Amino acid sequence: MDFEAVIGLEVHAELDTRSKMFCACPVIDVTTAAPNIAVCPVCAGMPGVLPVVNERAVEYAIRVALALECQVYSTSIFARKNYFYPDLPKGYQISQYEQPLARHGRLVIQTSQGEKTVRIRRVHLEEDTGKLTHVEKDAQSYSLVDLNRAGVPLLEIVTEPDMHSAEEVRAYAQALRSVLRYLKVNSGDMQKGVMRIEPNISVRLLGSQSLGTRVEIKNLNSFRALERATAYEIQRQSELVSRGGQVRQETVGWDEARQQTFTQRVKEGEEDYRYFPEPDLPPLVVEEAWVEHIRAELPELPAARQRRFESQYALSAYDASVLVAEWEAAEYFEQAAAAAGGAPAKTVANWVSGELFGLLNQAGKDISASPVSPQGMGRLVRSVASGEINNNTAKTVLAEMFAGGQEADAIIAERGLRQVSDTAQIAGWVAQALAENPDQVRAYLNGKDSLARWLFGQVMRLARGQGNPQIIQAELERQLSALKN
Ligand SMILES: [Zn+2]
């Protein structure tokens, strides 16, 4: 039996505002801060307090909704989602339910099968919960509550069930992260939990139109975990169904150590949350003029930038996609290309996404912390393209620039790495090589063409790798054809 997976995704993205969603508490890095230092009566859920909507959070949410080509509604309603959990001091989360901020968007993703459009079902605003730390100590177990994160603005972005493989799910999540970072509304720092992904997965017989029972995987915060957990769940359900079993509707977690999913709870229905309109907040009304102003200020987004890179710089779709994924890398490339003089942009792209990314990876650095400036990178590529230094030398020079921060020209001059382009000197090497190898020269002149390559090697040996190969090749051809006549 062949199965098809049907997958939708919910992504929770924190919004990088200065203050929380409904109070003036600052949004801080909860992974490094001391617990409970950014808490007030509102986000601690004290009785008698009133929430006030953070306008900047609404603006960021609209930015995302527009970038995802959604319809933004002039009126949306905040709702209470009631459930009890110790990290939620109010006993409910303020979210949006029946009337979200935006609906009906789309995001185009790149997969090995080509481009694909994923429909966005809805985008809505809500607040994050606090954090629990479970402690086992002296045969006692207890939990610590940290409310620094409680009330941080959170955007929930929900897709239609348009994806069918772990690869597509990963591509969507990466594309979405890239958009959020271009919009400067989220740091994209997955390890810090600022973007959490929840795929819901079902399987059906290939060709069937009905939907199977879905299983939701909670709170994945790396692309690797997302891809593996999704692949695992597709496999598990397919095997279960082909044995005649039935998938149970449930919420599962991902066990990183065991590389398998485990049951967290058998899914409650939406009715269990007893949603109702938030009585402490009026409907959220956004003026059309404001929405249009935000639309006009949107930056060039990754997909548009990729198309521009393909046409303006003649890059392949793949090369362009690698460069545009991170806003900083795309900026870096454009500045390096501008500094590279007439060198082909394709060569600049190769040096940036090949050599430089490699060095950054090894050093565990982001491109924004690159010791080699884009201008320095551009000038280095120009030196290669003009034949001043060869490829291998340039790699050495780049490594030195990366380690010491010196400019390419200084390193090339200091270490005497410049390739000899002096025609007189090169003509001397060629003449010497021909004089030292009379038998081979005669054989060549008698028609053994393949010896030209061998003779070129002899000249390169005399030049000890310091001669400009293009000039050597031209000079060798000139002297050999002079002997022919
Ligand atoms: Zn607060």
# chains A, B, ... in the order shown; residues from 1 in each chain; ligands from 1

call {"tool": "residues_near_ligand", "arguments": {"ligand": "ligand 1", "cutoff": "6 Å", "atoms": "only C-alpha atoms and all ligand atoms", "output": "ChimeraX atom specification"}}
result
/A:23-25,39-40,42-43

call {"tool": "residues_around", "arguments": {"residues": "stretch 240-255 of chain A", "least_positions_apart": "4", "cutoff": "6 Å", "atoms": "only C-alpha atoms", "output": "list in words"}}
result
Thr213, Arg214, Val215, Glu216, Ile217, Lys218, Gln259, Gln260, Thr261, Phe262, Thr263, Gln264, Arg265, Val266 and Lys267 of chain A

call {"tool": "residues_around", "arguments": {"residues": "stretch 49-59 of chain A", "least_positions_apart": "4", "cutoff": "7 Å", "atoms": "only C-alpha atoms", "output": "number ranges by chain"}}
result
A: 15, 17, 21-23, 41-42, 63, 153, 280

call {"tool": "residues_around", "arguments": {"residues": "A:Gly354", "least_positions_apart": "5", "cutoff": "12 Å", "atoms": "only C-alpha atoms", "output": "PyMOL selection string"}}
result
chain A and resi 319+322-323+346-349+359-361+395+398

call {"tool": "select_by_dssp", "arguments": {"residues": "stretch 186-235 of chain A", "states": "helix (DSSP H, G or I)", "output": "list in words"}}
result
Met190, Gln191, Lys192, Phe223, Arg224, Ala225, Leu226, Glu227, Arg228, Ala229, Thr230, Ala231, Tyr232, Glu233, Ile234 and Gln235 of chain A

call {"tool": "select_by_dssp", "arguments": {"residues": "stretch 47-161 of chain A", "states": "strand (DSSP E or B)", "output": "ChimeraX atom specification"}}
result
/A:71-72,75-76,78-82,92-96,102-111,114-127,131-137,140-146,153-159
